[in-house]
file upload_34.tsv (TSV, C-alpha atoms)
chain	number	residue	atom	x	y	z
A	1385	MET	CA	15.06	38.59	21.80
A	1386	ALA	CA	14.61	36.52	24.97
A	1387	VAL	CA	12.21	33.76	25.95
A	1388	PHE	CA	9.90	34.41	28.92
A	1389	LEU	CA	7.67	32.04	30.86
A	1390	VAL	CA	4.24	33.60	31.37
A	1391	GLU	CA	1.40	32.69	33.69
A	1392	ALA	CA	-1.74	34.65	32.89
A	1393	HIS	CA	-5.46	34.79	33.67
A	1394	ASP	CA	-7.70	34.36	30.62
A	1395	GLN	CA	-10.70	36.67	31.09
A	1396	SER	CA	-12.80	34.87	28.48
A	1397	THR	CA	-12.49	31.45	30.14
A	1398	SER	CA	-11.67	32.57	33.71
A	1399	GLN	CA	-8.80	30.09	33.78
A	1400	LYS	CA	-5.06	30.28	34.29
A	1401	SER	CA	-2.77	29.34	31.44
A	1402	SER	CA	1.01	29.01	31.10
A	1403	PHE	CA	2.98	29.58	27.91
A	1404	GLU	CA	6.23	30.92	26.50
A	1405	VAL	CA	6.71	34.24	24.74
A	1406	GLU	CA	9.70	35.48	22.78
A	1407	ALA	CA	10.11	39.25	23.21
A	1408	PRO	CA	12.85	41.86	23.81
A	1409	ASN	CA	11.77	42.58	27.41
A	1410	GLU	CA	9.14	41.96	30.06
A	1411	ARG	CA	7.22	45.11	29.11
A	1412	ALA	CA	6.78	43.82	25.56
A	1413	VAL	CA	5.60	40.49	26.97
A	1414	ALA	CA	3.01	42.22	29.15
A	1415	ASP	CA	1.74	44.22	26.15
A	1416	LEU	CA	1.37	41.07	24.04
A	1417	VAL	CA	-0.47	39.28	26.85
A	1418	ALA	CA	-2.79	42.26	27.35
A	1419	LYS	CA	-3.60	42.36	23.61
A	1420	ARG	CA	-4.80	38.80	23.90
A	1421	GLY	CA	-7.31	39.80	26.55
A	1422	MET	CA	-5.35	38.18	29.37
A	1423	ILE	CA	-4.03	39.50	32.68
A	1424	PRO	CA	-0.36	38.59	33.30
A	1425	LEU	CA	0.15	37.05	36.74
A	1426	GLU	CA	3.85	36.17	36.48
A	1427	ILE	CA	6.55	36.84	33.90
A	1428	LYS	CA	10.05	35.42	34.29
A	1429	PRO	CA	12.95	34.74	31.92
A	1430	LYS	CA	13.27	31.11	30.95
A	1431	ASP	CA	17.05	31.14	31.47
A	1432	GLN	CA	16.74	32.25	35.12
A	1433	GLY	CA	15.46	29.12	36.69
A	1434	GLY	CA	12.17	28.92	34.84
A	1435	ARG	CA	11.41	25.37	33.75
A	1436	SER	CA	9.64	25.29	30.43
A	1437	ILE	CA	6.46	23.27	30.27
A	1438	LEU	CA	7.39	22.58	26.64
A	1439	SER	CA	10.05	20.20	27.92
A	1440	ARG	CA	7.39	17.88	29.34
A	1441	GLY	CA	5.29	15.38	27.45
A	1442	GLY	CA	4.84	15.03	23.72
A	1443	VAL	CA	2.46	15.98	20.92
A	1444	LYS	CA	0.46	13.12	19.44
A	1445	THR	CA	-0.38	12.87	15.75
A	1446	LYS	CA	-4.09	12.89	16.61
A	1447	GLU	CA	-3.64	16.28	18.28
A	1448	LYS	CA	-1.97	17.72	15.19
A	1449	VAL	CA	-4.62	16.28	12.88
A	1450	LEU	CA	-7.42	17.74	15.02
A	1451	PHE	CA	-5.54	21.07	15.17
A	1452	SER	CA	-5.26	21.18	11.37
A	1453	ARG	CA	-8.92	20.30	10.88
A	1454	GLN	CA	-10.18	22.86	13.38
A	1455	VAL	CA	-8.01	25.71	12.08
A	1456	ALA	CA	-9.04	24.89	8.48
A	1457	SER	CA	-12.73	24.93	9.43
A	1458	LEU	CA	-12.47	28.24	11.29
A	1459	LEU	CA	-10.50	29.89	8.50
A	1460	GLY	CA	-13.01	28.56	5.97
A	1461	ALA	CA	-15.77	30.22	8.01
A	1462	GLY	CA	-14.02	33.57	7.62
A	1463	ILE	CA	-12.50	33.84	11.12
A	1464	PRO	CA	-9.04	35.52	11.16
A	1465	LEU	CA	-5.99	33.30	11.74
A	1466	ILE	CA	-5.02	34.67	15.17
A	1467	GLN	CA	-8.55	34.35	16.49
A	1468	SER	CA	-8.80	30.85	15.02
A	1469	LEU	CA	-5.61	29.78	16.76
A	1470	ARG	CA	-6.82	31.16	20.09
A	1471	MET	CA	-10.13	29.36	19.79
A	1472	VAL	CA	-8.41	26.08	18.93
A	1473	ALA	CA	-5.87	26.51	21.76
A	1474	ASN	CA	-8.72	26.77	24.30
A	1475	GLN	CA	-9.95	23.32	23.19
A	1476	ILE	CA	-6.57	21.56	23.31
A	1477	LYS	CA	-6.16	19.32	26.37
A	1478	GLY	CA	-2.42	18.63	26.14
A	1479	LYS	CA	-0.44	21.24	28.07
A	1480	LYS	CA	2.55	21.17	25.75
A	1481	PHE	CA	0.63	21.55	22.51
A	1482	LYS	CA	-1.69	24.14	24.03
A	1483	SER	CA	1.32	26.24	25.03
A	1484	ILE	CA	2.86	25.87	21.57
A	1485	VAL	CA	-0.33	27.03	19.83
A	1486	ASN	CA	-0.58	29.99	22.23
A	1487	ASN	CA	3.04	30.87	21.47
A	1488	ILE	CA	2.41	30.65	17.73
A	1489	SER	CA	-0.55	33.03	17.93
A	1490	THR	CA	1.61	35.41	19.98
A	1491	GLU	CA	4.38	35.24	17.37
A	1492	ILE	CA	1.89	36.08	14.62
A	1493	GLU	CA	0.61	39.01	16.68
A	1494	GLY	CA	4.18	40.26	16.85
A	1495	GLY	CA	4.40	40.33	13.04
A	1496	SER	CA	5.72	36.84	12.25
A	1497	SER	CA	4.23	34.74	9.47
A	1498	PHE	CA	2.37	31.53	10.29
A	1499	SER	CA	5.03	29.33	8.69
A	1500	ASN	CA	7.90	31.11	10.50
A	1501	ALA	CA	6.09	30.72	13.82
A	1502	LEU	CA	5.61	27.00	13.15
A	1503	ALA	CA	9.28	26.64	12.18
A	1504	LYS	CA	10.31	27.45	15.75
A	1505	TYR	CA	8.96	24.05	16.81
A	1506	PRO	CA	10.71	21.56	14.48
A	1507	ASP	CA	10.11	18.69	16.91
A	1508	VAL	CA	6.35	19.17	16.51
A	1509	PHE	CA	5.86	20.44	12.95
A	1510	SER	CA	7.76	18.73	10.14
A	1511	GLN	CA	9.37	20.54	7.23
A	1512	ALA	CA	6.61	19.18	4.99
A	1513	PHE	CA	3.98	20.73	7.27
A	1514	ILE	CA	5.75	24.10	7.31
A	1515	GLY	CA	6.36	24.00	3.54
A	1516	VAL	CA	2.69	23.45	2.75
A	1517	ILE	CA	1.69	26.30	5.09
A	1518	ALA	CA	4.28	28.61	3.50
A	1519	ALA	CA	2.88	27.80	0.07
A	1520	GLY	CA	-0.64	28.41	1.37
A	1521	GLU	CA	0.41	31.83	2.66
A	1522	THR	CA	1.78	32.72	-0.76
A	1523	THR	CA	-1.39	31.66	-2.59
A	1524	GLY	CA	-3.79	32.83	0.12
A	1525	GLY	CA	-5.12	29.33	0.72
A	1526	ILE	CA	-4.06	28.47	4.28
A	1527	SER	CA	-7.43	26.80	4.96
A	1528	THR	CA	-6.98	24.45	1.99
A	1529	ALA	CA	-3.37	23.80	3.02
A	1530	MET	CA	-4.43	22.84	6.55
A	1531	THR	CA	-7.06	20.45	5.19
A	1532	ARG	CA	-4.47	18.76	2.96
A	1533	LEU	CA	-2.10	18.44	5.88
A	1534	ALA	CA	-4.77	16.84	8.04
A	1535	ASP	CA	-5.55	14.32	5.27
A	1536	GLN	CA	-1.85	13.55	4.81
A	1537	GLN	CA	-1.18	13.09	8.52
A	1538	GLU	CA	-4.22	10.83	8.92
A	1539	ARG	CA	-3.18	8.58	6.05
A	1540	ASP	CA	0.42	8.33	7.22
A	1541	ALA	CA	-0.63	7.65	10.81
A	1542	GLU	CA	-3.10	4.99	9.65
A	1543	THR	CA	-0.38	3.22	7.66
A	1544	VAL	CA	2.13	3.28	10.51
A	1545	GLY	CA	-0.57	2.07	12.90
A	1546	LYS	CA	-1.34	-0.94	10.71
A	1547	ILE	CA	2.34	-1.87	10.49
A	1548	ARG	CA	2.77	-1.59	14.26
A	1549	GLY	CA	-0.35	-3.67	14.79
A	1550	ALA	CA	1.01	-6.41	12.53
A	1551	LEU	CA	4.34	-6.48	14.40
A	1552	ILE	CA	2.94	-6.25	17.93
A	1553	TYR	CA	1.17	-9.63	17.74
A	1554	PRO	CA	4.31	-11.74	17.14
A	1555	CYS	CA	6.23	-9.73	19.75
A	1556	VAL	CA	3.57	-10.47	22.38
A	1557	VAL	CA	3.52	-14.17	21.47
A	1558	VAL	CA	7.32	-14.41	21.68
A	1559	PHE	CA	7.28	-12.64	25.05
A	1560	VAL	CA	4.67	-15.07	26.42
A	1561	ILE	CA	6.61	-18.07	25.09
A	1562	PHE	CA	9.79	-16.78	26.73
A	1563	GLY	CA	7.95	-16.24	30.02
A	1564	VAL	CA	6.44	-19.74	30.04
A	1565	ALA	CA	9.78	-21.34	29.13
A	1566	THR	CA	11.53	-19.42	31.91
A	1567	PHE	CA	8.92	-20.53	34.44
A	1568	MET	CA	9.22	-24.18	33.39
A	1569	ILE	CA	13.01	-24.15	33.53
A	1570	VAL	CA	13.28	-22.29	36.85
A	1571	LYS	CA	10.34	-23.82	38.78
A	1572	VAL	CA	9.37	-27.19	37.27
A	1573	LEU	CA	12.66	-28.75	36.20
A	1574	PRO	CA	14.30	-28.51	39.65
A	1575	GLN	CA	11.44	-30.66	41.06
A	1576	VAL	CA	12.46	-33.45	38.68
A	1577	GLN	CA	16.01	-33.25	40.03
A	1578	VAL	CA	14.68	-33.62	43.59
A	1579	LEU	CA	12.96	-36.87	42.62
A	1580	TYR	CA	16.20	-38.33	41.22
A	1581	LYS	CA	18.27	-37.48	44.30
A	1582	GLY	CA	16.46	-40.08	46.38
A	1583	ILE	CA	17.26	-42.98	44.03
A	1584	PRO	CA	20.80	-44.43	44.17
A	1585	GLY	CA	22.53	-44.72	40.80
A	1586	ALA	CA	19.85	-42.75	38.94
A	1587	THR	CA	21.19	-40.15	36.55
A	1588	LEU	CA	19.28	-37.52	34.65
A	1589	PRO	CA	19.44	-37.42	30.83
A	1590	ILE	CA	22.12	-35.08	29.51
A	1591	PHE	CA	19.54	-32.84	27.89
A	1592	THR	CA	17.74	-32.33	31.20
A	1593	ARG	CA	21.05	-31.70	33.00
A	1594	LEU	CA	21.88	-29.01	30.47
A	1595	LEU	CA	18.58	-27.23	31.09
A	1596	LEU	CA	19.09	-27.60	34.85
A	1597	SER	CA	22.47	-25.88	34.55
A	1598	ILE	CA	20.71	-23.02	32.76
A	1599	SER	CA	18.04	-23.01	35.49
A	1600	SER	CA	20.69	-22.82	38.23
A	1601	PHE	CA	22.48	-19.96	36.50
A	1602	VAL	CA	19.24	-17.99	35.99
A	1603	THR	CA	18.19	-18.55	39.60
A	1604	HIS	CA	21.49	-17.39	41.11
A	1605	PHE	CA	22.53	-14.74	38.60
A	1606	TRP	CA	19.21	-13.26	37.38
A	1607	TRP	CA	20.43	-9.82	38.41
A	1608	LEU	CA	23.49	-10.20	36.17
A	1609	LEU	CA	21.29	-11.21	33.21
A	1610	LEU	CA	19.06	-8.18	33.77
A	1611	LEU	CA	22.12	-5.93	34.00
A	1612	ILE	CA	23.57	-7.31	30.76
A	1613	LEU	CA	20.17	-6.95	29.04
A	1614	ALA	CA	19.87	-3.33	30.22
A	1615	ILE	CA	23.39	-2.54	28.99
A	1616	ILE	CA	22.69	-4.14	25.60
A	1617	ILE	CA	19.42	-2.20	25.20
A	1618	PHE	CA	21.04	1.07	26.27
A	1619	PHE	CA	23.99	0.84	23.89
A	1620	THR	CA	21.78	-0.48	21.07
A	1621	PHE	CA	19.55	2.60	21.33
A	1622	ARG	CA	22.62	4.83	21.47
A	1623	TRP	CA	24.05	3.10	18.40
A	1624	THR	CA	20.80	3.37	16.41
A	1625	ARG	CA	20.92	7.14	16.89
A	1626	THR	CA	24.32	7.37	15.22
A	1627	LEU	CA	24.63	7.71	11.45
A	1628	THR	CA	26.27	4.28	11.18
A	1629	GLY	CA	23.47	2.65	13.16
A	1630	ARG	CA	20.76	4.35	11.14
A	1631	ARG	CA	22.40	3.32	7.88
A	1632	PHE	CA	22.60	-0.28	9.00
A	1633	LEU	CA	18.99	-0.46	10.21
A	1634	ASP	CA	17.61	1.38	7.18
A	1635	ARG	CA	19.50	-0.93	4.83
A	1636	LEU	CA	18.17	-3.90	6.82
A	1637	LYS	CA	14.61	-2.63	6.35
A	1638	LEU	CA	15.13	-2.41	2.59
A	1639	ASN	CA	16.69	-5.87	2.19
A	1640	MET	CA	15.51	-8.19	4.99
A	1641	PRO	CA	12.69	-10.54	3.88
A	1642	PRO	CA	9.78	-10.68	4.44
A	1643	LEU	CA	9.65	-7.13	5.83
A	1644	ASN	CA	11.63	-5.57	2.97
A	1645	LYS	CA	8.60	-5.48	0.64
A	1646	LEU	CA	6.54	-3.86	3.37
A	1647	PHE	CA	9.06	-1.11	4.13
A	1648	ARG	CA	9.82	-0.42	0.46
A	1649	LYS	CA	6.14	0.16	-0.24
A	1650	LEU	CA	5.86	2.29	2.90
A	1651	TYR	CA	8.70	4.54	1.72
A	1652	MET	CA	7.21	4.80	-1.77
A	1653	ALA	CA	3.84	5.76	-0.28
A	1654	ARG	CA	5.50	8.44	1.88
A	1655	PHE	CA	7.51	9.79	-1.01
A	1656	ALA	CA	4.51	9.99	-3.33
A	1657	LEU	CA	2.13	11.38	-0.68
A	1658	ASN	CA	4.51	14.10	0.53
A	1659	LEU	CA	5.67	15.12	-2.95
A	1660	GLY	CA	2.13	15.14	-4.32
A	1661	THR	CA	0.78	17.17	-1.38
A	1662	LEU	CA	3.60	19.73	-1.58
A	1663	LEU	CA	3.33	20.16	-5.35
A	1664	GLU	CA	-0.46	20.41	-5.18
A	1665	SER	CA	-0.08	23.13	-2.53
A	1666	GLY	CA	2.15	25.17	-4.84
A	1667	VAL	CA	5.58	24.37	-3.40
A	1668	PRO	CA	8.29	24.39	-6.15
A	1669	LEU	CA	9.63	21.00	-7.26
A	1670	LEU	CA	13.18	21.40	-5.89
A	1671	GLN	CA	11.93	22.60	-2.52
A	1672	SER	CA	9.37	19.78	-2.45
A	1673	LEU	CA	12.08	17.21	-3.10
A	1674	ASN	CA	14.26	18.63	-0.32
A	1675	ILE	CA	11.36	18.44	2.13
A	1676	THR	CA	10.30	14.97	0.97
A	1677	SER	CA	13.86	13.74	1.47
A	1678	THR	CA	13.53	14.31	5.21
A	1679	ALA	CA	9.98	12.91	5.38
A	1680	VAL	CA	10.65	9.37	4.10
A	1681	SER	CA	12.61	8.44	7.28
A	1682	ASN	CA	15.21	6.28	5.52
A	1683	VAL	CA	18.75	7.56	4.93
A	1684	HIS	CA	19.27	5.49	1.77
A	1685	VAL	CA	16.00	6.55	0.10
A	1686	ALA	CA	16.71	10.13	1.22
A	1687	LYS	CA	20.16	9.95	-0.40
A	1688	SER	CA	18.57	8.78	-3.66
A	1689	ILE	CA	16.17	11.74	-3.54
A	1690	ASP	CA	19.02	14.18	-2.83
A	1691	THR	CA	21.01	12.78	-5.77
A	1692	ALA	CA	17.96	13.11	-8.02
A	1693	THR	CA	17.44	16.69	-6.81
A	1694	GLU	CA	20.95	17.64	-7.90
A	1695	GLN	CA	20.33	16.07	-11.31
A	1696	VAL	CA	17.01	17.91	-11.66
A	1697	LYS	CA	18.87	21.17	-11.02
A	1698	GLY	CA	20.98	20.30	-14.07
A	1699	GLY	CA	17.87	20.01	-16.23
A	1700	LYS	CA	17.22	16.26	-16.10
A	1701	ALA	CA	13.67	14.96	-15.65
A	1702	LEU	CA	12.87	13.57	-12.20
A	1703	SER	CA	11.49	10.35	-13.68
A	1704	ALA	CA	14.77	9.72	-15.53
A	1705	CYS	CA	16.75	10.37	-12.32
A	1706	LEU	CA	14.82	7.72	-10.37
A	1707	GLU	CA	14.31	5.22	-13.18
A	1708	ASN	CA	17.23	2.92	-12.40
A	1709	ASP	CA	17.57	3.71	-8.70
A	1710	PRO	CA	17.55	0.45	-6.67
A	1711	ASN	CA	15.83	2.18	-3.74
A	1712	PHE	CA	12.75	3.08	-5.82
A	1713	LEU	CA	10.11	0.69	-7.12
A	1714	GLU	CA	9.40	0.82	-10.85
A	1715	LEU	CA	5.92	2.32	-10.58
A	1716	VAL	CA	7.15	5.62	-9.13
A	1717	PRO	CA	9.32	6.79	-12.07
A	1718	SER	CA	6.69	5.46	-14.51
A	1719	MET	CA	3.95	7.55	-12.91
A	1720	LEU	CA	6.30	10.53	-12.72
A	1721	GLN	CA	6.99	10.23	-16.44
A	1722	ILE	CA	3.25	10.24	-17.22
A	1723	GLY	CA	2.77	13.25	-14.97
A	1724	GLU	CA	5.67	15.14	-16.55
A	1725	LYS	CA	4.28	14.61	-20.05
A	1726	SER	CA	0.74	15.61	-19.08
A	1727	GLY	CA	1.67	18.33	-16.57
A	1728	THR	CA	-0.06	16.49	-13.72
A	1729	VAL	CA	2.86	15.36	-11.55
A	1730	ALA	CA	1.04	16.18	-8.28
A	1731	ALA	CA	-2.07	14.21	-9.30
A	1732	MET	CA	0.01	11.23	-10.46
A	1733	MET	CA	1.94	11.16	-7.20
A	1734	LEU	CA	-1.24	11.22	-5.12
A	1735	LYS	CA	-2.62	8.34	-7.21
A	1736	THR	CA	0.65	6.48	-6.65
A	1737	ALA	CA	0.31	7.07	-2.91
A	1738	ASP	CA	-3.23	5.62	-3.01
A	1739	TYR	CA	-1.97	2.57	-4.88
A	1740	TYR	CA	0.81	1.88	-2.38
A	1741	GLN	CA	-1.56	2.43	0.55
A	1742	LYS	CA	-3.67	-0.45	-0.79
A	1743	GLU	CA	-0.55	-2.50	-1.50
A	1744	LEU	CA	0.56	-1.98	2.09
A	1745	ASP	CA	-2.73	-3.37	3.38
A	1746	THR	CA	-2.23	-6.47	1.24
A	1747	GLU	CA	1.40	-6.81	2.33
A	1748	ILE	CA	0.46	-6.56	6.01
A	1749	LYS	CA	-2.10	-9.35	5.56
A	1750	ASN	CA	0.51	-11.48	3.78
A	1751	ILE	CA	3.07	-10.99	6.54
A	1752	THR	CA	0.48	-11.83	9.18
A	1753	THR	CA	-0.36	-15.00	7.26
A	1754	ILE	CA	3.32	-15.98	7.20
A	1755	ILE	CA	4.01	-15.09	10.83
A	1756	GLU	CA	1.17	-17.11	12.34
A	1757	PRO	CA	2.32	-20.58	11.16
A	1758	ALA	CA	5.95	-19.64	11.88
A	1759	LEU	CA	5.00	-18.81	15.46
A	1760	MET	CA	3.09	-22.08	15.74
A	1761	ILE	CA	6.22	-23.95	14.71
A	1762	VAL	CA	8.29	-22.06	17.29
A	1763	VAL	CA	5.71	-22.78	20.00
A	1764	GLY	CA	5.70	-26.46	19.03
A	1765	ILE	CA	9.48	-26.74	19.19
A	1766	MET	CA	9.60	-25.00	22.58
A	1767	ALA	CA	6.86	-27.27	23.92
A	1768	LEU	CA	8.64	-30.37	22.59
A	1769	VAL	CA	11.92	-29.36	24.22
A	1770	LEU	CA	10.34	-28.63	27.61
A	1771	VAL	CA	8.14	-31.73	27.61
A	1772	ALA	CA	11.09	-33.91	26.63
A	1773	ALA	CA	13.24	-32.40	29.39
A	1774	ILE	CA	10.55	-33.14	31.99
A	1775	LEU	CA	8.97	-36.39	30.79
A	1776	LEU	CA	12.11	-38.30	29.76
A	1777	PRO	CA	13.51	-38.29	33.33
A	1778	ILE	CA	10.11	-39.34	34.70
A	1779	TYR	CA	9.83	-42.26	32.27
A	1780	GLY	CA	13.40	-43.26	33.15
A	1781	LEU	CA	12.52	-43.10	36.83
A	1782	VAL	CA	9.45	-45.31	36.35
A	1783	GLY	CA	11.60	-47.87	34.48
A	1784	LYS	CA	14.12	-48.01	37.34
A	1785	ILE	CA	11.38	-48.45	39.95
A	1786	GLN	CA	9.90	-51.33	37.94

call {"tool": "encode", "arguments": {"input": "upload_34.tsv", "output": "structure tokens"}}
result
Amino acid sequence: MAVFLVEAHDQSTSQKSSFEVEAPNERAVADLVAKRGMIPLEIKPKDQGGRSILSRGGVKTKEKVLFSRQVASLLGAGIPLIQSLRMVANQIKGKKFKSIVNNISTEIEGGSSFSNALAKYPDVFSQAFIGVIAAGETTGGISTAMTRLADQQERDAETVGKIRGALIYPCVVVFVIFGVATFMIVKVLPQVQVLYKGIPGATLPIFTRLLLSISSFVTHFWWLLLLILAIIIFFTFRWTRTLTGRRFLDRLKLNMPPLNKLFRKLYMARFALNLGTLLESGVPLLQSLNITSTAVSNVHVAKSIDTATEQVKGGKALSACLENDPNFLELVPSMLQIGEKSGTVAAMMLKTADYYQKELDTEIKNITTIIEPALMIVVGIMALVLVAAILLPIYGLVGKIQ
């Protein structure tokens, strides 16, 4: 099988569209395109100079949520899957995602299952997404599975958005403070030094001289500072992508106050939401745990889930496996135990997810309440330092003149 880049004319919309097709040869590609009611304009192998449009841009969560909702609605109305995907693809604005959906419908036309077609795009569709769809195919409830996925993605995106919103405010304030301080040191302080040069025997306070030395260095070697900053950022990003870097950062998230409570509740909400959704969709427990392990986005929590999975294989209850785990909050194994006794593990996990979603809202408000006075203190200290560096020399100058 080879990958071909196709440019075709859609007779239903009278528009050109570009997408990728996996087929044994160009003839098979042309047949697949013709079956879709399109006229192939150009077909060329991807590995012979064709640049894939899938390498450009990204797929936003909102696009995937809307995709899931639309496909679920069309399937619920009795429209076949392939036709539903084509109709949804015509409404997608993003070129990358539109091409992916077109490719998926082509794969299904060629005999592939929906979940297998989705699995060819792991950067777009998570294992949890594919697992729920696979379970829906087995039970014949793809429409219900798509609705659950849309709900899950919306809730997760809403939570992440709130956390980002809470962290953006202090970052902006710190950036503004740094900018104002830089301006004062580089532009204002040197004017004070000019005043002192005209008075014999006048010397600047040591604190002001120190800041002037910093000002001189920044003025003459700003390019070196920018270069060092760029190097630090580059290697920091490289390091965070290594296993050692991820372990360090993920451990920091779990243990660094005051953000540790926030991240712990976030991971518990993700664990409960993904596990509950997968189990409710009919995915077996062990497979659900394996998928959830990758969905929590923390290597230490994922390791705890993997360890629990191995113990569950040996016949131990999941609640007992997580009961004394330091990476899990106490409510999770307690709710699991109730669910195991009553046979409602999926329902208990979804209730746990709801609880931690509310707890996250409270935690975000608490962190915002703590950050605001802390930033005020930082602003006050910075203002005091700058004012002292500027006013002390002026007062000394006035005293000498008198």

call {"tool": "closest_residue", "arguments": {"input": "upload_34.tsv", "among": "A:Asp1738, A:Glu1743, A:Asp1634, A:Asp1415", "to": "Asn1682 in chain A", "atoms": "all atoms listed in the file"}}
result
A:Asp1634

call {"tool": "closest_residue", "arguments": {"input": "upload_34.tsv", "among": "A:Glu1404, A:Val1685, A:Met1568, A:Glu1694", "to": "Lys1480 in chain A", "atoms": "all atoms listed in the file"}}
result
A:Glu1404

call {"tool": "atom_distance", "arguments": {"input": "upload_34.tsv", "atom1": "CA of Ser1703 in chain A", "atom2": "CA of Val1667 in chain A"}}
result
18.4 Å

call {"tool": "residues_around", "arguments": {"input": "upload_34.tsv", "residues": "Lys1735 in chain A", "least_positions_apart": "5", "cutoff": "10 Å", "atoms": "all atoms listed in the file", "output": "list of chain:residue names"}}
result
A:Ala1653, A:Ala1656, A:Leu1657, A:Gly1660, A:Met1719, A:Val1729, A:Ala1730, A:Tyr1740, A:Gln1741

call {"tool": "residues_around", "arguments": {"input": "upload_34.tsv", "residues": "range 1599-1610 of chain A", "least_positions_apart": "4", "cutoff": "12 Å", "atoms": "all atoms listed in the file", "output": "count of residues only"}}
result
20

call {"tool": "residues_around", "arguments": {"input": "upload_34.tsv", "residues": "range 1449-1466 of chain A", "least_positions_apart": "2", "cutoff": "7 Å", "atoms": "only C-alpha atoms", "output": "ChimeraX atom specification"}}
result
/A:1445-1447,1468-1470,1472,1489,1527-1528,1530-1531,1533-1534,1537-1538

call {"tool": "residues_around", "arguments": {"input": "upload_34.tsv", "residues": "Ile1754 in chain A", "least_positions_apart": "3", "cutoff": "12 Å", "atoms": "all atoms listed in the file", "output": "list in words"}}
result
Ala1550, Leu1551, Pro1554, Pro1641, Pro1642, Leu1643, Glu1747, Ile1748, Lys1749, Asn1750, Ile1751, Pro1757, Ala1758, Leu1759, Met1760 and Ile1761 of chain A

call {"tool": "write_last_selection", "arguments": {"input": "upload_34.tsv", "atoms": "C-alpha atoms", "output": "PDB file, keeping the file's coordinate frame"}}
result
ATOM      1  CA  ALA A1550       1.010  -6.410  12.530  1.00  0.00           C
ATOM      2  CA  LEU A1551       4.340  -6.480  14.400  1.00  0.00           C
ATOM      3  CA  PRO A1554       4.310 -11.740  17.140  1.00  0.00           C
ATOM      4  CA  PRO A1641      12.690 -10.540   3.880  1.00  0.00           C
ATOM      5  CA  PRO A1642       9.780 -10.680   4.440  1.00  0.00           C
ATOM      6  CA  LEU A1643       9.650  -7.130   5.830  1.00  0.00           C
ATOM      7  CA  GLU A1747       1.400  -6.810   2.330  1.00  0.00           C
ATOM      8  CA  ILE A1748       0.460  -6.560   6.010  1.00  0.00           C
ATOM      9  CA  LYS A1749      -2.100  -9.350   5.560  1.00  0.00           C
ATOM     10  CA  ASN A1750       0.510 -11.480   3.780  1.00  0.00           C
ATOM     11  CA  ILE A1751       3.070 -10.990   6.540  1.00  0.00           C
ATOM     12  CA  PRO A1757       2.320 -20.580  11.160  1.00  0.00           C
ATOM     13  CA  ALA A1758       5.950 -19.640  11.880  1.00  0.00           C
ATOM     14  CA  LEU A1759       5.000 -18.810  15.460  1.00  0.00           C
ATOM     15  CA  MET A1760       3.090 -22.080  15.740  1.00  0.00           C
ATOM     16  CA  ILE A1761       6.220 -23.950  14.710  1.00  0.00           C
TER      17      ILE A1761
END

call {"tool": "residues_around", "arguments": {"input": "upload_34.tsv", "residues": "range 1499-1510 of chain A", "least_positions_apart": "5", "cutoff": "7 Å", "atoms": "all atoms listed in the file", "output": "JSON, numbers by chain"}}
result
{"A": [1443, 1488, 1491, 1492, 1517, 1518]}
